[in-house]
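Novice: Got coords_6.cif for you, mmCIF, C-alpha atoms:
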```cif
data_data
#
loop_
_atom_site.label_atom_id
_atom_site.label_comp_id
_atom_site.auth_asym_id
_atom_site.auth_seq_id
_atom_site.Cartn_x
_atom_site.Cartn_y
_atom_site.Cartn_z
CA MET S 1 -7.07 52.36 -0.93
CA ALA S 2 -6.21 52.47 2.78
CA LYS S 3 -2.76 53.71 3.75
CA ALA S 4 -0.38 50.98 4.89
CA THR S 5 0.34 50.49 8.57
CA THR S 6 3.82 51.72 9.45
CA LEU S 7 6.04 49.87 11.89
CA LYS S 8 5.80 52.88 14.18
CA ASP S 9 2.02 52.53 14.23
CA ALA S 10 2.24 48.76 14.67
CA PHE S 11 4.61 49.20 17.62
CA LYS S 12 2.18 51.63 19.21
CA LYS S 13 -0.69 49.17 18.84
CA TRP S 14 1.45 46.40 20.29
CA GLU S 15 2.25 48.43 23.40
CA GLU S 16 -1.41 49.34 23.80
CA ALA S 17 -2.20 45.63 23.78
CA HIS S 18 0.65 44.90 26.23
CA PRO S 19 0.41 47.78 28.74
CA ASP S 20 2.82 46.19 31.20
CA GLN S 21 5.66 45.79 28.73
CA LYS S 22 7.77 47.97 26.49
CA ILE S 23 8.28 46.57 23.01
CA SER S 24 12.00 47.29 23.30
CA GLU S 25 12.15 44.78 26.16
CA ALA S 26 10.06 42.03 24.56
CA LYS S 27 11.63 38.75 23.47
CA VAL S 28 8.66 37.84 21.25
CA VAL S 29 7.05 40.46 19.01
CA LYS S 30 4.16 39.39 16.78
CA LEU S 31 2.95 41.94 14.25
CA TYR S 32 1.27 39.63 11.78
CA TYR S 33 -1.96 40.37 9.93
CA GLN S 34 -2.01 44.11 10.50
CA MET S 35 -4.98 45.98 9.03
CA PRO S 36 -4.18 47.74 6.81
CA PRO S 37 -1.06 45.62 6.27
CA ILE S 38 2.52 46.64 6.90
CA ASP S 39 4.29 47.16 3.56
CA LYS S 40 7.79 48.13 4.66
CA MET S 41 10.51 46.91 7.03
CA ASP S 42 12.67 49.83 8.14
CA SER S 43 15.00 51.11 10.86
CA THR S 44 12.12 51.27 13.34
CA LEU S 45 12.92 47.60 13.97
CA SER S 46 16.17 48.62 15.64
CA GLN S 47 14.17 49.32 18.78
CA LEU S 48 13.78 45.56 19.25
CA VAL S 49 17.10 45.11 20.97
CA THR S 50 16.02 42.10 23.06
CA CYS S 51 13.75 40.46 20.49
CA GLU S 52 14.42 36.78 19.76
CA HIS S 53 11.28 36.02 17.73
CA LEU S 54 9.87 38.56 15.29
CA ALA S 55 6.69 37.74 13.36
CA LEU S 56 5.64 39.92 10.42
CA SER S 57 3.63 37.32 8.53
CA THR S 58 0.49 38.05 6.51
CA ASN S 59 1.28 41.61 5.54
CA SER S 60 2.35 43.20 2.23
CA ILE S 61 6.12 43.40 2.73
CA ASP S 62 8.10 43.20 -0.51
CA ARG S 63 11.68 43.44 0.79
CA ILE S 64 13.64 42.24 3.80
CA ALA S 65 15.30 45.25 5.42
CA GLY S 66 15.87 47.10 8.68
CA LEU S 67 17.24 44.21 10.72
CA GLN S 68 20.27 46.11 11.97
CA GLY S 69 20.10 46.49 15.71
CA LEU S 70 18.46 43.11 16.47
CA PRO S 71 21.45 41.33 18.05
CA ASN S 72 19.40 38.52 19.60
CA LEU S 73 17.07 37.55 16.75
CA LYS S 74 16.72 33.77 16.40
CA ILE S 75 13.33 33.32 14.69
CA LEU S 76 12.07 35.47 11.83
CA SER S 77 8.59 34.89 10.43
CA LEU S 78 7.77 36.52 7.10
CA GLY S 79 5.27 34.11 5.60
CA ARG S 80 2.45 35.32 3.36
CA ASN S 81 4.03 38.53 2.12
CA ILE S 82 5.17 39.48 -1.40
CA ILE S 83 8.94 39.08 -1.01
CA LYS S 84 10.77 38.15 -4.22
CA GLU S 85 14.39 37.84 -3.08
CA PHE S 86 16.69 37.87 -0.07
CA ARG S 87 19.33 40.26 -1.46
CA ASN S 88 21.42 41.20 1.59
CA GLY S 89 18.45 41.68 3.90
CA LEU S 90 19.45 38.89 6.27
CA ASP S 91 23.08 39.97 6.63
CA PRO S 92 22.57 41.88 9.91
CA VAL S 93 21.16 38.79 11.67
CA ALA S 94 23.32 36.18 9.94
CA GLY S 95 25.19 35.40 13.15
CA THR S 96 22.12 34.65 15.27
CA LEU S 97 19.24 33.54 13.03
CA GLU S 98 18.24 29.92 13.63
CA GLN S 99 14.78 29.71 12.08
CA LEU S 100 13.34 31.42 9.00
CA TRP S 101 9.65 31.05 8.20
CA ILE S 102 9.07 32.53 4.76
CA SER S 103 6.44 30.37 3.03
CA TYR S 104 3.91 31.81 0.60
CA ASN S 105 6.07 34.49 -0.98
CA ALA S 106 7.46 34.84 -4.52
CA ILE S 107 11.13 33.92 -4.06
CA ASP S 108 12.80 32.12 -6.98
CA LYS S 109 16.46 32.27 -5.90
CA LEU S 110 18.30 31.50 -2.67
CA THR S 111 21.04 34.08 -3.20
CA GLY S 112 21.59 35.91 0.08
CA LEU S 113 20.59 33.04 2.37
CA SER S 114 24.00 31.39 2.68
CA VAL S 115 25.21 33.98 5.20
CA CYS S 116 22.97 32.42 7.86
CA LYS S 117 25.39 29.72 9.02
CA LYS S 118 23.41 28.99 12.21
CA LEU S 119 20.11 28.45 10.39
CA ARG S 120 18.55 25.17 11.54
CA VAL S 121 14.97 25.49 10.26
CA LEU S 122 13.82 26.78 6.88
CA TYR S 123 10.11 26.86 6.12
CA MET S 124 9.89 28.03 2.53
CA SER S 125 6.92 26.24 1.02
CA ASN S 126 4.90 27.70 -1.83
CA ASN S 127 7.50 29.98 -3.31
CA LEU S 128 8.84 29.97 -6.89
CA LEU S 129 12.01 27.89 -6.70
CA SER S 130 12.21 26.05 -10.02
CA LYS S 131 15.87 25.08 -10.48
CA TRP S 132 17.87 22.38 -8.74
CA SER S 133 20.91 24.65 -8.89
CA GLU S 134 19.14 26.93 -6.43
CA ILE S 135 18.32 24.05 -4.08
CA GLU S 136 22.00 23.10 -4.09
CA LYS S 137 22.78 26.40 -2.39
CA LEU S 138 21.31 24.92 0.79
CA GLN S 139 24.61 23.04 1.14
CA ASP S 140 26.08 26.33 2.33
CA LEU S 141 24.00 26.05 5.53
CA PRO S 142 25.85 23.50 7.70
CA ALA S 143 23.40 23.59 10.63
CA LEU S 144 20.26 23.08 8.53
CA GLU S 145 18.23 20.15 9.87
CA GLU S 146 14.61 20.89 8.98
CA VAL S 147 13.44 22.07 5.54
CA ASN S 148 9.98 22.54 4.05
CA LEU S 149 9.86 23.32 0.33
CA ILE S 150 6.44 21.89 -0.51
CA GLY S 151 4.70 23.65 -3.39
CA ASN S 152 7.81 25.04 -5.08
CA PRO S 153 7.91 24.08 -8.79
CA ILE S 154 11.12 22.04 -8.44
CA GLN S 155 9.70 20.12 -5.48
CA VAL S 156 6.48 19.37 -7.33
CA GLN S 157 8.28 18.18 -10.46
CA MET S 158 10.82 15.98 -8.67
CA THR S 159 8.19 14.56 -6.33
CA GLU S 160 6.08 13.54 -9.29
CA ALA S 161 9.17 11.84 -10.75
CA GLY S 162 9.67 10.02 -7.45
CA ASP S 163 13.15 11.22 -6.57
CA TRP S 164 12.76 14.45 -4.59
CA ARG S 165 13.33 13.06 -1.13
CA VAL S 166 16.31 10.86 -1.95
CA HIS S 167 18.09 13.68 -3.76
CA MET S 168 17.44 16.04 -0.85
CA VAL S 169 18.76 13.52 1.66
CA LYS S 170 21.92 13.14 -0.42
CA LEU S 171 22.27 16.91 -0.70
CA LEU S 172 21.76 17.54 3.04
CA PRO S 173 22.88 14.43 4.95
CA GLN S 174 22.51 16.24 8.28
CA MET S 175 18.81 16.95 7.63
CA LYS S 176 16.36 15.36 10.08
CA LYS S 177 13.02 16.40 8.59
CA LEU S 178 11.96 17.27 5.02
CA ASP S 179 8.58 18.72 4.13
CA GLY S 180 7.20 17.79 7.54
CA VAL S 181 8.30 14.14 7.36
CA PRO S 182 11.33 12.76 9.25
CA GLY S 183 14.00 11.01 7.21
CA ASP S 184 14.52 7.27 7.61
CA ASP S 185 17.29 4.74 7.12
CA SER S 186 15.97 3.50 3.78
CA GLU S 187 16.17 7.02 2.33
CA ARG S 188 19.68 7.48 3.65
CA GLU S 189 20.76 4.16 2.15
CA ALA S 190 19.24 5.09 -1.22
CA ALA S 191 20.89 8.49 -1.08
CA ALA S 192 24.30 6.97 -0.34
CA ALA S 193 24.09 4.95 -3.55
CA LEU S 194 22.84 7.85 -5.64
CA TYR S 195 24.80 9.59 -8.35
CA PRO S 196 24.53 13.40 -8.60
CA VAL S 197 21.07 14.63 -9.52
CA ARG S 198 20.07 13.43 -12.97
CA CYS S 199 19.56 16.34 -15.31
CA VAL S 200 16.52 14.85 -16.90
CA TYR S 201 15.21 18.12 -15.47
CA LEU S 202 17.08 20.00 -18.20
CA SER S 203 14.94 23.08 -17.70
CA VAL S 204 15.41 23.11 -13.95
CA CYS S 205 19.07 22.17 -13.36
#
```
Could I get this structure in the form of structure tokens?
Specialist:
Amino acid sequence: MAKATTLKDAFKKWEEAHPDQKISEAKVVKLYYQMPPIDKMDSTLSQLVTCEHLALSTNSIDRIAGLQGLPNLKILSLGRNIIKEFRNGLDPVAGTLEQLWISYNAIDKLTGLSVCKKLRVLYMSNNLLSKWSEIEKLQDLPALEEVNLIGNPIQVQMTEAGDWRVHMVKLLPQMKKLDGVPGDDSEREAAAALYPVRCVYLSVC
């Protein structure tokens, strides 16, 4: 099996592809789909002192780490990795992060996300969220206005029952777009009249 690409090696390849720019001065750094894939986020990332958009999608990363030293990070893309939880990995960028793209991972809990009070966009489709109690943690993100949770077990189950969108609109009244579709007045009216989520989903509440 081929040895994983290290961030140090990925940085070197990036600078070879961008000969007129140092990676430490770049605002956008895209390191997705490395071959062989990156499997670890580490302190090498601290070189990205001016980075606002970091893309590490389509690799084999299993843990969010190494984000200390990125004081300007606004967009973090980690889709199509093998991440199972947030832990405290986002803490170092909690004060600046506005968009998190983390679809196609294996996350089943939102613990560790609530620190990101400036988060506006959360793309988290096709993960393993199966309990409404986890979805409720999104209330801790006051700036959140766009959410994509398509393909998570709880989204699939509640969509089939016909009440996913209205419950989400009630949960996050400031939200403008859910699962790629803008909210409308009829959903907001239905949400206003809704009682708390019905625990007919006894196994998922």
Novice: Within 8 Å of range 121-123 of chain S, counting all atoms listed in the file, which residues show up once you throw out same-chain ones fewer than 4 positions away? Write them as a PDB file with C-alpha atoms, in the coordinates of the input, please.
Specialist:
```pdb
ATOM      1  CA  GLU S  98      18.240  29.920  13.630  1.00  0.00           C
ATOM      2  CA  GLN S  99      14.780  29.710  12.080  1.00  0.00           C
ATOM      3  CA  LEU S 100      13.340  31.420   9.000  1.00  0.00           C
ATOM      4  CA  TRP S 101       9.650  31.050   8.200  1.00  0.00           C
ATOM      5  CA  ILE S 102       9.070  32.530   4.760  1.00  0.00           C
ATOM      6  CA  SER S 103       6.440  30.370   3.030  1.00  0.00           C
ATOM      7  CA  LEU S 144      20.260  23.080   8.530  1.00  0.00           C
ATOM      8  CA  GLU S 145      18.230  20.150   9.870  1.00  0.00           C
ATOM      9  CA  GLU S 146      14.610  20.890   8.980  1.00  0.00           C
ATOM     10  CA  VAL S 147      13.440  22.070   5.540  1.00  0.00           C
ATOM     11  CA  ASN S 148       9.980  22.540   4.050  1.00  0.00           C
ATOM     12  CA  LEU S 149       9.860  23.320   0.330  1.00  0.00           C
TER      13      LEU S 149
END
```
Novice: Could you state which residues are captured by the PyMOL selection byres ((chain S and resi 87) around 10) in this file, as a ChimeraX atom specification?
Specialist: /S:63-65,84-86,88-91,109-113
Novice: For a quick check of understanding, using all atoms listed in the file, which of S:Glu25, S:Asp163, S:Asp179, S:Asp185 has the smallest distance to Ser46 in chain S?
Specialist: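 Once distances to Ser46 in chain S are computed over all atoms listed in the file, the minimum belongs to S:Glu25.
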Novice: Using all atoms listed in the file, which residue out of S:Gln139, S:Thr96, S:Asn72, S:Thr50 lies closest to Lys170 in chain S?
Specialist: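 Of S:Gln139, S:Thr96, S:Asn72, S:Thr50, the one nearest Lys170 in chain S is S:Gln139, counting all atoms listed in the file.
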Novice: Report as a PyMOL selection string all protein, DNA and RNA residues lying within 9 Å of Gly95 in chain S, evaluated on all atoms listed in the file, omitting residues in the same chain fewer than 3 positions from it.
Specialist: chain S and resi 71+91-92+98+115-118
Novice: Out of S:Lys74, S:Lys137, S:Lys30, S:His18, which residue has the shortest atom-to-atom distance to Val93 in chain S when counting all atoms listed in the file?
Specialist: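 Answer, going by the shortest atom-to-atom distance: S:Lys74.
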Novice: Choose the residue, out of S:Ser77, S:Gln157, S:Ser133, S:Ser186, that has the smallest atom-to-atom separation from Asn59 in chain S; count all atoms listed in the file.
Specialist: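 Comparing S:Ser77, S:Gln157, S:Ser133, S:Ser186 against Asn59 in chain S, the winner is S:Ser77.
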